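Just below is one structure, and these are the notes that go with it.
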Amino acid sequence: MTDRGLESLYRELILDHYKNPRGHGVIEDADAEAEGQNPLCGDEVSIYVAFGEDGETIADVKFSGRGCAISQAATSMLMEMTKGRTAQQVAALDKDELLAEIGVPLTPVRLKCAMLGLTTLKVALHKAKGTPLPEGLAGFDELDLT
Amino acid sequence: MKAVPKLDAPALRADFPIFEQEIHGKPLAYLDSANTSQKPRQVLEGMTRFYETSYANVHRAVHVLAERATSALEGAREKTRAFLNAPDVREVIFVRNATEGLNLVAYAWGGNNLGRGDAVVVTELEHHSNFVPWQYIAQRQGAEFLMVEIDENGDPDLEQLEAIGRDHTVKVVATNLVSNSLGTIHDLGPLVTWAHEHGAIFVCDAAQAAPHMKMDVQALGADFVAISGHKMCAPSGIGALWGRAELLQSMEPFLLGGHMINSVRVDRTTWGELPHKFEAGTSPIAEAYGLGLAIDYLEAIGLDAIEAHEHELAAYALGRLGEVPGVELYGPPAERRAGVVSFNVEGIHPHDVAQILDLQGVAIRAGHHCCQPLMHKLGVAATNRASFYLYTLREEIDQLVEGLHAVRKVFA
């Protein structure tokens, strides 16, 4: 159990994204950006988006932050998944699509780590484009949208 | 010099059914007792017997079960009074936990005694439970909320306190006795004296202290002291607030409803006597009885023996963890701390450390420990925390150290 448990959660792909994050950095004068925190374990992520000429397609997306391997690897995977999609498409992106990419079962606590990047990206797009807020945040009239 | 009594941890451990299982095929190393403690059979079986033979609502009916239940609840109150060395049993209010006790003081005392020009002072080491209620009530009342930072020894900086005293009318000083995240045992004497010299009340969060050391609210000199049962072998859902009778009598109630009244008319309701004024609704009766049983259990072992055992484990853990490459330790030397060791492993987030340890049967806490201001001071988002209690064995600390080597291997 022990070794298989370790291998499944911290499988090579996750450790690779954690150690070599894709899209890590800051976009100066980004068209959309947001900061997210996971108060459970102190993960922090900032996401920056630059749109293409059509003003809808994500031409570039980057993240900075610190946190556990799951939160940082999932955000790194998200950068690869969302580049080239439109704001509307990403706002509608189902969490299962990201979970399938992560590919390992997560406990409810770790699920929050894994979803931090996606939630933050959706908040950034909401601020810039008025796209729907992510699940769980919808319904808040006055978000602290820093 | 008094001989330090020893306890027999392997024998005591047999009282705790939770250890009769394996986790992920490994023996359970439960190093999360500062988060919450495990429960001995003496408490679990005693509560079951109470429910099976003596349960009814208290203080209301005249039948025999009501009498038994009332005497169980009030017996637990007297045990709690003796445990805290409080002068009067009417000063012991049963609450859900220390957090609720501290909220009671913040609302019921702060709501009538804080206003513009007043200040509430807490320290950088506070658990959010003794920080956020004061921050909130101070803002609502238009008072100032101020935080004293910790010095290089991890103690509240008394010079900062002096500076605050020169410019502000301080009405409340609120601190913990033992830090939940670093384990530091504070010498509160100077702070209590300072508070009283400046006309402030002193509110003590003893949630982390009561499980580990002999409490004496009179020697401490505080005005309010809050404890949580769940950290000291009692069930969750029960804690106690002790307060000076004259302060409690001068306060308005916190929660309102059944039991806390004297008389109710449509134009006016009068409050019941202490402690009932602060115990609205049906009490956690069996839980309070369980707290009394837990106190019996701890006192039979001896709080001084428990404290000595924890110092010994803290020293052992600091030494063993220091052997692991990349481990950074936080907090004071072993003789100044309860059984709590906070640490980080270089380059590996605490959540990942804790998850990999769990797969090896080792339970620790990873996070900010409800102490975000302190984490900010340490310059970290979170730490790992291993914490010990009377049933903790050295072998569990060894299991932790082995686990940390495995953690490093995964991230190598």
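Following the order of the structure tokens, chains are lettered A, B, ..., residues in each are numbered from 1, and ligands are numbered from 1.
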I want to know what sits within 9 Å of Gly42 of chain A, based on only C-alpha atoms, with residues of the same chain fewer than 6 positions away left out; could you give that as a PDB file with C-alpha atoms, in the first residue's frame?
```pdb
ATOM      1  CA  ARG A  66       4.126  28.939  -3.870  1.00  0.00           C
ATOM      2  CA  GLY A  67       2.485  25.940  -2.376  1.00  0.00           C
ATOM      3  CA  CYS A  68       2.293  22.189  -2.205  1.00  0.00           C
TER       4      CYS A  68
ATOM      5  CA  GLY B 367      -0.649  24.211   7.803  1.00  0.00           C
ATOM      6  CA  HIS B 368      -0.687  27.590   9.457  1.00  0.00           C
ATOM      7  CA  VAL B 380       6.690  30.745   5.780  1.00  0.00           C
ATOM      8  CA  ALA B 381       3.218  29.920   4.490  1.00  0.00           C
ATOM      9  CA  ALA B 382       2.945  26.887   6.713  1.00  0.00           C
TER      10      ALA B 382
END
```
Please identify the alpha helix (DSSP H) residues within segment 75-266 of chain B (assignment by DSSP from backbone atoms) and present them as a PyMOL selection string. chain B and resi 75-84+98-104+110-113+132-141+158-167+189-197+217-220+245-250
Using C-alpha atoms, can you export the residues from the last selection as a tab-separated table (two decimals), in the first residue's frame?
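Result written to part_38.tsv:
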```
chain	number	residue	atom	x	y	z
B	75	GLY	CA	-20.05	17.18	39.66
B	76	ALA	CA	-18.08	17.83	36.48
B	77	ARG	CA	-18.25	21.56	37.16
B	78	GLU	CA	-16.76	21.05	40.61
B	79	LYS	CA	-13.99	18.85	39.15
B	80	THR	CA	-13.24	21.56	36.59
B	81	ARG	CA	-13.13	24.19	39.34
B	82	ALA	CA	-10.63	22.11	41.31
B	83	PHE	CA	-8.60	21.39	38.15
B	84	LEU	CA	-8.26	25.14	37.51
B	98	ALA	CA	-11.95	27.69	24.31
B	99	THR	CA	-12.94	29.57	21.15
B	100	GLU	CA	-16.51	29.90	22.38
B	101	GLY	CA	-15.28	30.96	25.82
B	102	LEU	CA	-13.13	33.71	24.30
B	103	ASN	CA	-16.01	34.85	22.09
B	104	LEU	CA	-18.19	35.00	25.20
B	110	GLY	CA	-16.17	43.85	25.21
B	111	GLY	CA	-19.64	44.79	23.97
B	112	ASN	CA	-20.27	46.92	27.06
B	113	ASN	CA	-16.78	48.01	28.03
B	132	VAL	CA	-10.10	37.34	15.50
B	133	PRO	CA	-12.87	37.79	18.15
B	134	TRP	CA	-10.96	40.76	19.61
B	135	GLN	CA	-10.20	42.24	16.22
B	136	TYR	CA	-13.88	41.96	15.33
B	137	ILE	CA	-15.34	43.31	18.56
B	138	ALA	CA	-12.81	46.17	18.68
B	139	GLN	CA	-13.82	47.23	15.17
B	140	ARG	CA	-17.51	47.02	16.00
B	141	GLN	CA	-17.04	49.11	19.13
B	158	LEU	CA	7.48	44.13	26.44
B	159	GLU	CA	9.02	47.33	25.05
B	160	GLN	CA	6.34	47.44	22.39
B	161	LEU	CA	3.76	46.94	25.11
B	162	GLU	CA	5.21	49.88	27.05
B	163	ALA	CA	5.03	52.06	23.94
B	164	ILE	CA	1.39	51.10	23.42
B	165	GLY	CA	0.64	51.91	27.06
B	166	ARG	CA	2.01	55.44	26.66
B	167	ASP	CA	-0.31	56.29	23.75
B	189	GLY	CA	3.53	37.22	35.11
B	190	PRO	CA	4.88	40.50	33.65
B	191	LEU	CA	1.99	40.77	31.17
B	192	VAL	CA	-0.66	40.20	33.86
B	193	THR	CA	0.98	42.78	36.13
B	194	TRP	CA	1.25	45.25	33.26
B	195	ALA	CA	-2.40	44.78	32.29
B	196	HIS	CA	-3.66	45.36	35.81
B	197	GLU	CA	-1.39	48.37	36.39
B	217	VAL	CA	-5.99	30.57	37.73
B	218	GLN	CA	-5.44	32.30	41.07
B	219	ALA	CA	-1.65	32.08	40.87
B	220	LEU	CA	-1.84	33.19	37.24
B	245	ALA	CA	-17.28	36.44	39.70
B	246	GLU	CA	-17.52	40.22	39.92
B	247	LEU	CA	-16.76	40.58	36.21
B	248	LEU	CA	-19.16	37.81	35.20
B	249	GLN	CA	-21.87	39.34	37.37
B	250	SER	CA	-21.41	42.76	35.79
```
Within 9 Å of Arg22 of chain A, counting only C-alpha atoms, which residues show up once you throw out same-chain ones fewer than 6 positions away? Write them as a VMD selection string, please. chain A and resid 62 to 63 73 75 to 80
What residues in chain B have any atom no more than 8 Å from chain A when counting only C-alpha atoms, and can you write them as number ranges by chain? B: 24-25, 348-352, 356, 359-360, 366-368, 381-382, 410-411
Taking the backbone alone, and naming residues the way the document does, which bits of chain A are strand (DSSP E) by DSSP, as a list in words? Ala32, Glu33, Ala34, Glu35, Gly36, Gln37, Asn38, Asp43, Glu44, Val45, Ser46, Ile47, Tyr48, Val49, Ala50, Phe51, Ile58, Ala59, Asp60, Val61, Lys62, Phe63, Ser64, Gly65 and Arg66 of chain A
Same residues, N, CA and C atoms, output as a PDB file, in the first residue's frame:
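Okay, this is what ended up in selection_0.pdb:
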```pdb
ATOM      1  N   ALA A  32      -5.722  40.236 -17.888  1.00  0.00           N
ATOM      2  CA  ALA A  32      -6.536  39.723 -16.775  1.00  0.00           C
ATOM      3  C   ALA A  32      -5.590  39.135 -15.754  1.00  0.00           C
ATOM      4  N   GLU A  33      -5.890  39.354 -14.482  1.00  0.00           N
ATOM      5  CA  GLU A  33      -5.084  38.697 -13.456  1.00  0.00           C
ATOM      6  C   GLU A  33      -5.881  38.575 -12.161  1.00  0.00           C
ATOM      7  N   ALA A  34      -5.478  37.621 -11.351  1.00  0.00           N
ATOM      8  CA  ALA A  34      -6.120  37.428 -10.042  1.00  0.00           C
ATOM      9  C   ALA A  34      -5.162  36.663  -9.143  1.00  0.00           C
ATOM     10  N   GLU A  35      -5.399  36.832  -7.845  1.00  0.00           N
ATOM     11  CA  GLU A  35      -4.630  36.107  -6.831  1.00  0.00           C
ATOM     12  C   GLU A  35      -5.579  35.162  -6.114  1.00  0.00           C
ATOM     13  N   GLY A  36      -5.085  33.965  -5.817  1.00  0.00           N
ATOM     14  CA  GLY A  36      -5.914  33.042  -5.046  1.00  0.00           C
ATOM     15  C   GLY A  36      -5.120  32.431  -3.918  1.00  0.00           C
ATOM     16  N   GLN A  37      -5.813  32.144  -2.830  1.00  0.00           N
ATOM     17  CA  GLN A  37      -5.165  31.486  -1.690  1.00  0.00           C
ATOM     18  C   GLN A  37      -5.988  30.290  -1.259  1.00  0.00           C
ATOM     19  N   ASN A  38      -5.304  29.296  -0.793  1.00  0.00           N
ATOM     20  CA  ASN A  38      -5.973  28.164  -0.160  1.00  0.00           C
ATOM     21  C   ASN A  38      -5.647  28.228   1.318  1.00  0.00           C
ATOM     22  N   ASP A  43      -1.389  27.614   0.296  1.00  0.00           N
ATOM     23  CA  ASP A  43      -0.995  27.724  -1.106  1.00  0.00           C
ATOM     24  C   ASP A  43      -1.398  29.096  -1.632  1.00  0.00           C
ATOM     25  N   GLU A  44      -0.558  29.661  -2.484  1.00  0.00           N
ATOM     26  CA  GLU A  44      -0.853  30.952  -3.098  1.00  0.00           C
ATOM     27  C   GLU A  44      -0.548  30.867  -4.581  1.00  0.00           C
ATOM     28  N   VAL A  45      -1.448  31.423  -5.377  1.00  0.00           N
ATOM     29  CA  VAL A  45      -1.231  31.426  -6.817  1.00  0.00           C
ATOM     30  C   VAL A  45      -1.692  32.762  -7.382  1.00  0.00           C
ATOM     31  N   SER A  46      -0.878  33.379  -8.251  1.00  0.00           N
ATOM     32  CA  SER A  46      -1.307  34.532  -9.030  1.00  0.00           C
ATOM     33  C   SER A  46      -1.300  34.112 -10.486  1.00  0.00           C
ATOM     34  N   ILE A  47      -2.338  34.496 -11.217  1.00  0.00           N
ATOM     35  CA  ILE A  47      -2.436  34.099 -12.629  1.00  0.00           C
ATOM     36  C   ILE A  47      -2.574  35.344 -13.499  1.00  0.00           C
ATOM     37  N   TYR A  48      -1.856  35.331 -14.611  1.00  0.00           N
ATOM     38  CA  TYR A  48      -1.829  36.466 -15.544  1.00  0.00           C
ATOM     39  C   TYR A  48      -2.224  35.965 -16.930  1.00  0.00           C
ATOM     40  N   VAL A  49      -3.099  36.715 -17.593  1.00  0.00           N
ATOM     41  CA  VAL A  49      -3.578  36.306 -18.911  1.00  0.00           C
ATOM     42  C   VAL A  49      -3.354  37.447 -19.907  1.00  0.00           C
ATOM     43  N   ALA A  50      -2.855  37.102 -21.086  1.00  0.00           N
ATOM     44  CA  ALA A  50      -2.807  38.060 -22.197  1.00  0.00           C
ATOM     45  C   ALA A  50      -3.674  37.513 -23.319  1.00  0.00           C
ATOM     46  N   PHE A  51      -4.615  38.341 -23.807  1.00  0.00           N
ATOM     47  CA  PHE A  51      -5.486  37.897 -24.888  1.00  0.00           C
ATOM     48  C   PHE A  51      -4.859  38.212 -26.242  1.00  0.00           C
ATOM     49  N   ILE A  58      -6.955  33.181 -25.404  1.00  0.00           N
ATOM     50  CA  ILE A  58      -5.838  33.325 -24.467  1.00  0.00           C
ATOM     51  C   ILE A  58      -4.541  33.079 -25.231  1.00  0.00           C
ATOM     52  N   ALA A  59      -3.816  34.175 -25.493  1.00  0.00           N
ATOM     53  CA  ALA A  59      -2.567  34.064 -26.246  1.00  0.00           C
ATOM     54  C   ALA A  59      -1.435  33.599 -25.331  1.00  0.00           C
ATOM     55  N   ASP A  60      -1.482  34.066 -24.089  1.00  0.00           N
ATOM     56  CA  ASP A  60      -0.453  33.638 -23.129  1.00  0.00           C
ATOM     57  C   ASP A  60      -1.061  33.630 -21.735  1.00  0.00           C
ATOM     58  N   VAL A  61      -0.639  32.683 -20.935  1.00  0.00           N
ATOM     59  CA  VAL A  61      -1.110  32.607 -19.555  1.00  0.00           C
ATOM     60  C   VAL A  61       0.047  32.116 -18.686  1.00  0.00           C
ATOM     61  N   LYS A  62       0.271  32.821 -17.570  1.00  0.00           N
ATOM     62  CA  LYS A  62       1.375  32.455 -16.689  1.00  0.00           C
ATOM     63  C   LYS A  62       0.905  32.479 -15.244  1.00  0.00           C
ATOM     64  N   PHE A  63       1.679  31.814 -14.387  1.00  0.00           N
ATOM     65  CA  PHE A  63       1.336  31.856 -12.956  1.00  0.00           C
ATOM     66  C   PHE A  63       2.599  31.989 -12.122  1.00  0.00           C
ATOM     67  N   SER A  64       2.407  32.598 -10.959  1.00  0.00           N
ATOM     68  CA  SER A  64       3.470  32.615  -9.961  1.00  0.00           C
ATOM     69  C   SER A  64       2.838  32.226  -8.637  1.00  0.00           C
ATOM     70  N   GLY A  65       3.664  31.893  -7.664  1.00  0.00           N
ATOM     71  CA  GLY A  65       3.111  31.530  -6.361  1.00  0.00           C
ATOM     72  C   GLY A  65       3.940  30.472  -5.693  1.00  0.00           C
ATOM     73  N   ARG A  66       3.433  30.007  -4.584  1.00  0.00           N
ATOM     74  CA  ARG A  66       4.126  28.939  -3.870  1.00  0.00           C
ATOM     75  C   ARG A  66       3.080  28.067  -3.216  1.00  0.00           C
TER      76      ARG A  66
END
```
